[in-house]
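Presented below is the structure to which this report refers.
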Amino acid sequence: MPIVAQSTETTDWVSRFADEVIEESERRAPGKPVVVASGLSPSGPIHLGNLREVMTPHLVADEVRRRGYTVRHLISWDDYDRYRKVPAGVPGVDDSWAEHIGKPLTSVPAPKGSAYPNWAEHFKAAMIKALAELGVEYEGISQTEQYTSGVYREQVLFAMKHRGDIDAILDQYRTKKAPAKKQQGQKPVDEAELEAAEGSGAAAEDDGSSGSAGYFPYKPYCGRCEKDLTTVTAYDDDTTELSYTCTACGYSETVRLSEFDRGKLVWKVDWPMRWAYEGVIFEPSGVDHSSPGSSFQVGGQIVGIFGGKQPIGPMYAFVGISGMAKMSSSKGGVPTPADALQIMEPQLLRWLYARRRPNQSFKIAFDQEIQRLYDEWDKLAAKVADGAVLPADAAAYARAVGTAAGELPRTPRPMPYRTLASVADITAGAEDQTLRILSELDPENPLTSLDEVRPRLDKAETWINTQVPAEERTVVRDEPDADLLKSLDDQGRESLRLLLEGLDANWSLDGLTHLVYGVPKVQAGFPADATPKELPPEIKVAQRTFFALLYHLLVGRDTGPRLPTLLLAVGQDRVRKLLGA
């Protein structure tokens, strides 16, 4: 059954945009499918900033579908863009790839060891897999296929015929100073802002080819070296004969453009041409597209030459990363959706994009913050189940857990992420030990199979193994710390005695939580169940001292996983041994 979003409140940005898109589509193209669009350039790892280029129209398209409309979400793979530079830190790539700069991305070899035929297909593959896991329904369009098969041939000829009109529009902005770009390296990786606008050719703010023969909005790829370092030297509108020279290899030739499909319109013309050709109603744009003289603004004028209208859509803000450690599949500080989906369920990642308006920046956590995010997510799920949730929050939740087609696969029994991570940390992935510990968390409803907590368990285990530094991993002591035990005063020994005496009766997550927090209370003469309001501030100090003692005796550090989880993981017999029983 489709999941119905529960709100059209003004705070729900998706519903607001869906209203506007439906109204605009009925005005422009009544009775036709609603067209929304995204663009992604597979020039390297497609990162989590680029994902906003897809998730913003996806969420709007999905809301429109929920209301019974037919929607086409187009994702243009800008794989016919030129290869601009060799990205740093990509496995299987060295400086020799610099010789391919200027070629179409589909003509550049894939990294060494890749199973894919070219550079573009290699980097598209991971994104395609991630979008499937995220439940994103779309129609993929390869710009290489569109151009080389002649789909855009009439549009190319039209643009060349109207090159004077295009040049006049572009000339209004050529004297404007380009906005200053942020220098690389200004921020450490864990605070880096990923510019979502790098998709859709934002890096390619090309005007066109302007030489002695005048302005041309078309760039041929060289017939010898395949590079776009070419200059159009002549063009005849009647015969469509085009001559060009290549500054890279010196090659020149004359072709008939009406029969020639080895080139493309420059970006500032290509984008609005596609808006008109596809009838795009909604497409967001990144901050660099929306500045004065940028491609979105200029395109809004050029699209009229092609008989179309500029799509409606918001400017979207940066996506940041919190605490990225070593990454398995993307190097150089560019985490991808695939990286995020290794450590979090699709529902959580969808929620991060759904709950913030497009013009609000946010961060995706790869550090300890992911545990807090999961706690927040689980609390929201509980509120939704109880019917005690604000309408906008309920709508964001509905958009996160599924689409108009139905719910995404979910973990049957979603135990707290921080608990699963702690257990994975302590057991080092041993499944028998993991099942033993998790089954003891709730003795009245014991876990019978790890499948009940998957895939969340697998995500938490991957997070421990890839994002937590080795020095922060938990290693339980093999033998008691005899020196520390001997040095304890009467109060320290008494605290351990009270804990050990209560283990049998409290051997569950809730029971041990009550026990470890209760020992300092009992020692101070208060009931174990006394609330913080009933206790003096000194009790908190005593609790911290007691917890530090237990961590030192169990793992040799001041801190570690939550003590109730740690005690369950270590097991009663070993706990008694390490605490000097």
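The way I read the labels, and the way they are meant: chains A, B, ... in the order of the structure tokens, residue 1 as the first residue of every chain, and ligand 1 as the first ligand shown, with later ones counted on from there.
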Practice item. May I have all residues of region 475-545 of chain A that DSSP, computed from the backbone, assigns to helix (DSSP H, G or I), given as a ChimeraX atom specification? Key: /A:482-487,490-502,504-506,509-523,532-534,538-545
Practice item. Name all residues at most 6 Å from region 452-464 of chain A (count only C-alpha atoms; drop same-chain ones fewer than 3 positions away) and give them as JSON, numbers by chain. Key: {"A": [342, 343, 344, 411, 412, 413, 414, 420, 421, 424, 449, 467, 468]}
Point to revise | Contacts of Glu226 (chain A) at 8 Å (only C-alpha atoms; same-chain gap of 5+ positions) as a PyMOL selection string | key: chain A and resi 102-104+107+221
Residues at most 7 Å from region 369-382 of chain A, counting only C-alpha atoms, excluding those fewer than 6 positions away in the same chain, as a PDB file with N, CA, C and O atoms, in the first residue's frame?
```pdb
ATOM      1  N   PRO A 416      18.542  -0.037  19.590  1.00  0.00           N
ATOM      2  CA  PRO A 416      19.314   1.213  19.509  1.00  0.00           C
ATOM      3  C   PRO A 416      20.640   1.025  18.785  1.00  0.00           C
ATOM      4  O   PRO A 416      21.381   0.072  19.055  1.00  0.00           O
ATOM      5  N   TYR A 417      20.944   1.938  17.871  1.00  0.00           N
ATOM      6  CA  TYR A 417      22.173   1.863  17.081  1.00  0.00           C
ATOM      7  C   TYR A 417      23.398   1.870  17.982  1.00  0.00           C
ATOM      8  O   TYR A 417      24.350   1.104  17.755  1.00  0.00           O
ATOM      9  N   ARG A 418      23.379   2.709  19.036  1.00  0.00           N
ATOM     10  CA  ARG A 418      24.547   2.795  19.919  1.00  0.00           C
ATOM     11  C   ARG A 418      24.775   1.479  20.651  1.00  0.00           C
ATOM     12  O   ARG A 418      25.909   1.098  20.908  1.00  0.00           O
TER      13      ARG A 418
END
```
Exercise for review: Excluding Pro314 (chain A) and residues on its chain fewer than 4 positions from it, collect all residues at most 8 Å away from it, counting only C-alpha atoms, and give them as a VMD selection string.
Suggested key: chain A and resid 283 to 285 358 to 359
Per residue of region 259-348 of chain A within 7 Å of region 41-63 of chain A, what are the shortest atom pair and its distance in Å to one decimal, counting only C-alpha atoms, with rows by chain and residue number, as CSV?
```
residue,atom,partner,partner_atom,distance
A:Glu283,CA,A:Pro57,CA,6.6
A:Pro284,CA,A:Glu53,CA,6.8
A:Phe318,CA,A:Gly49,CA,6.6
A:Val319,CA,A:Gly49,CA,5.2
A:Ser330,CA,A:Pro45,CA,6.6
A:Val334,CA,A:His47,CA,6.0
A:Pro335,CA,A:His47,CA,5.6
A:Thr336,CA,A:His47,CA,4.0
A:Pro337,CA,A:Leu48,CA,5.4
```
**Study point:** DSSP-assigned strand (DSSP E) members of region 29-77 of chain A, reported as number ranges by chain
**Key:** A: 34-40, 71-77
Study note, to complete from the structure: If you count only C-alpha atoms, the residue of A:Phe366, A:Phe526, A:Trp97, A:Tyr397 closest to Asn465 (chain A) turns out to be A:Phe366
Exercise for review: Find the residues near region 560-563 of chain A: any atom within 9 Å, counting only C-alpha atoms, skip ones fewer than 6 places away on the same chain, and give them as a ChimeraX atom specification.
Suggested key: /A:418-419,421-423,425-426,472-474,512-513,516,547,550-551
Review point. So which residues touch region 521-525 of chain A within 10 Å, counting only C-alpha atoms, skipping near sequence neighbours fewer than 6 positions away, as a VMD selection string?
Key: chain A and resid 491 494 to 495 498 515 531 535 to 536 538 to 540 542 to 543
File of the preceding selection, all heavy atoms, as a compact mmCIF listing (two decimals), in the first residue's frame:
```
# COMPACT_ATOMS: atom_id res chain seq x y z
N GLN A 491 35.16 2.59 50.52
CA GLN A 491 34.02 2.98 49.70
C GLN A 491 34.09 2.31 48.32
O GLN A 491 33.07 1.85 47.80
CB GLN A 491 33.97 4.49 49.53
CG GLN A 491 32.73 4.97 48.77
CD GLN A 491 32.61 6.48 48.75
OE1 GLN A 491 33.43 7.17 49.34
NE2 GLN A 491 31.60 6.99 48.07
N GLU A 494 33.23 -1.35 48.68
CA GLU A 494 31.80 -1.50 48.95
C GLU A 494 30.98 -1.32 47.68
O GLU A 494 29.99 -2.03 47.45
CB GLU A 494 31.36 -0.47 50.00
CG GLU A 494 29.86 -0.46 50.29
CD GLU A 494 29.35 -1.71 50.98
OE1 GLU A 494 30.18 -2.59 51.34
OE2 GLU A 494 28.13 -1.83 51.16
N SER A 495 31.36 -0.39 46.84
CA SER A 495 30.61 -0.17 45.59
C SER A 495 30.67 -1.40 44.69
O SER A 495 29.67 -1.79 44.09
CB SER A 495 31.16 1.05 44.86
OG SER A 495 32.48 0.85 44.42
N LEU A 498 28.35 -4.15 46.18
CA LEU A 498 26.93 -3.92 45.90
C LEU A 498 26.60 -4.25 44.43
O LEU A 498 25.53 -4.81 44.15
CB LEU A 498 26.58 -2.45 46.18
CG LEU A 498 26.57 -2.02 47.65
CD1 LEU A 498 26.44 -0.51 47.76
CD2 LEU A 498 25.41 -2.72 48.39
N LEU A 515 20.89 -0.76 38.22
CA LEU A 515 21.88 -1.17 39.21
C LEU A 515 23.09 -0.23 39.23
O LEU A 515 23.50 0.24 40.30
CB LEU A 515 22.34 -2.61 38.91
CG LEU A 515 23.39 -3.20 39.85
CD1 LEU A 515 22.86 -3.27 41.29
CD2 LEU A 515 23.82 -4.60 39.36
N THR A 531 14.95 9.76 42.25
CA THR A 531 15.11 10.55 41.01
C THR A 531 16.15 11.63 41.20
O THR A 531 16.46 12.02 42.35
CB THR A 531 13.77 11.19 40.63
OG1 THR A 531 13.39 12.13 41.64
CG2 THR A 531 12.68 10.14 40.48
N LEU A 535 17.97 14.11 44.74
CA LEU A 535 19.35 13.83 45.13
C LEU A 535 20.19 15.10 45.11
O LEU A 535 19.97 16.00 44.30
CB LEU A 535 19.96 12.81 44.15
CG LEU A 535 19.27 11.44 44.09
CD1 LEU A 535 19.81 10.64 42.91
CD2 LEU A 535 19.50 10.67 45.40
N PRO A 536 21.19 15.18 45.99
CA PRO A 536 22.13 16.31 45.96
C PRO A 536 23.09 16.18 44.77
O PRO A 536 23.30 15.09 44.24
CB PRO A 536 22.87 16.18 47.28
CG PRO A 536 22.82 14.73 47.60
CD PRO A 536 21.49 14.24 47.10
N GLU A 538 26.16 16.03 44.64
CA GLU A 538 27.32 15.16 44.88
C GLU A 538 27.11 13.74 44.33
O GLU A 538 28.08 13.03 44.06
CB GLU A 538 27.64 15.07 46.37
CG GLU A 538 28.01 16.39 47.05
CD GLU A 538 26.79 17.22 47.38
OE1 GLU A 538 25.83 16.67 47.96
OE2 GLU A 538 26.78 18.42 47.02
N ILE A 539 25.85 13.34 44.21
CA ILE A 539 25.59 11.98 43.72
C ILE A 539 26.09 11.82 42.29
O ILE A 539 26.64 10.78 41.93
CB ILE A 539 24.08 11.65 43.82
CG1 ILE A 539 23.64 11.63 45.29
CG2 ILE A 539 23.79 10.30 43.17
CD1 ILE A 539 24.34 10.59 46.14
N LYS A 540 25.90 12.86 41.47
CA LYS A 540 26.40 12.76 40.09
C LYS A 540 27.91 12.61 40.06
O LYS A 540 28.45 11.85 39.25
CB LYS A 540 25.98 14.01 39.31
CG LYS A 540 24.50 14.06 38.95
CD LYS A 540 24.23 15.22 38.01
CE LYS A 540 22.76 15.25 37.58
NZ LYS A 540 22.47 16.37 36.66
N ALA A 542 29.68 11.19 42.42
CA ALA A 542 29.95 9.83 42.90
C ALA A 542 29.69 8.81 41.79
O ALA A 542 30.43 7.83 41.64
CB ALA A 542 29.09 9.52 44.12
N GLN A 543 28.63 9.05 41.00
CA GLN A 543 28.34 8.13 39.89
C GLN A 543 29.45 8.15 38.86
O GLN A 543 29.88 7.09 38.39
CB GLN A 543 27.01 8.52 39.24
CG GLN A 543 25.79 8.16 40.09
CD GLN A 543 24.50 8.68 39.49
OE1 GLN A 543 24.48 9.69 38.78
NE2 GLN A 543 23.40 8.01 39.78
```
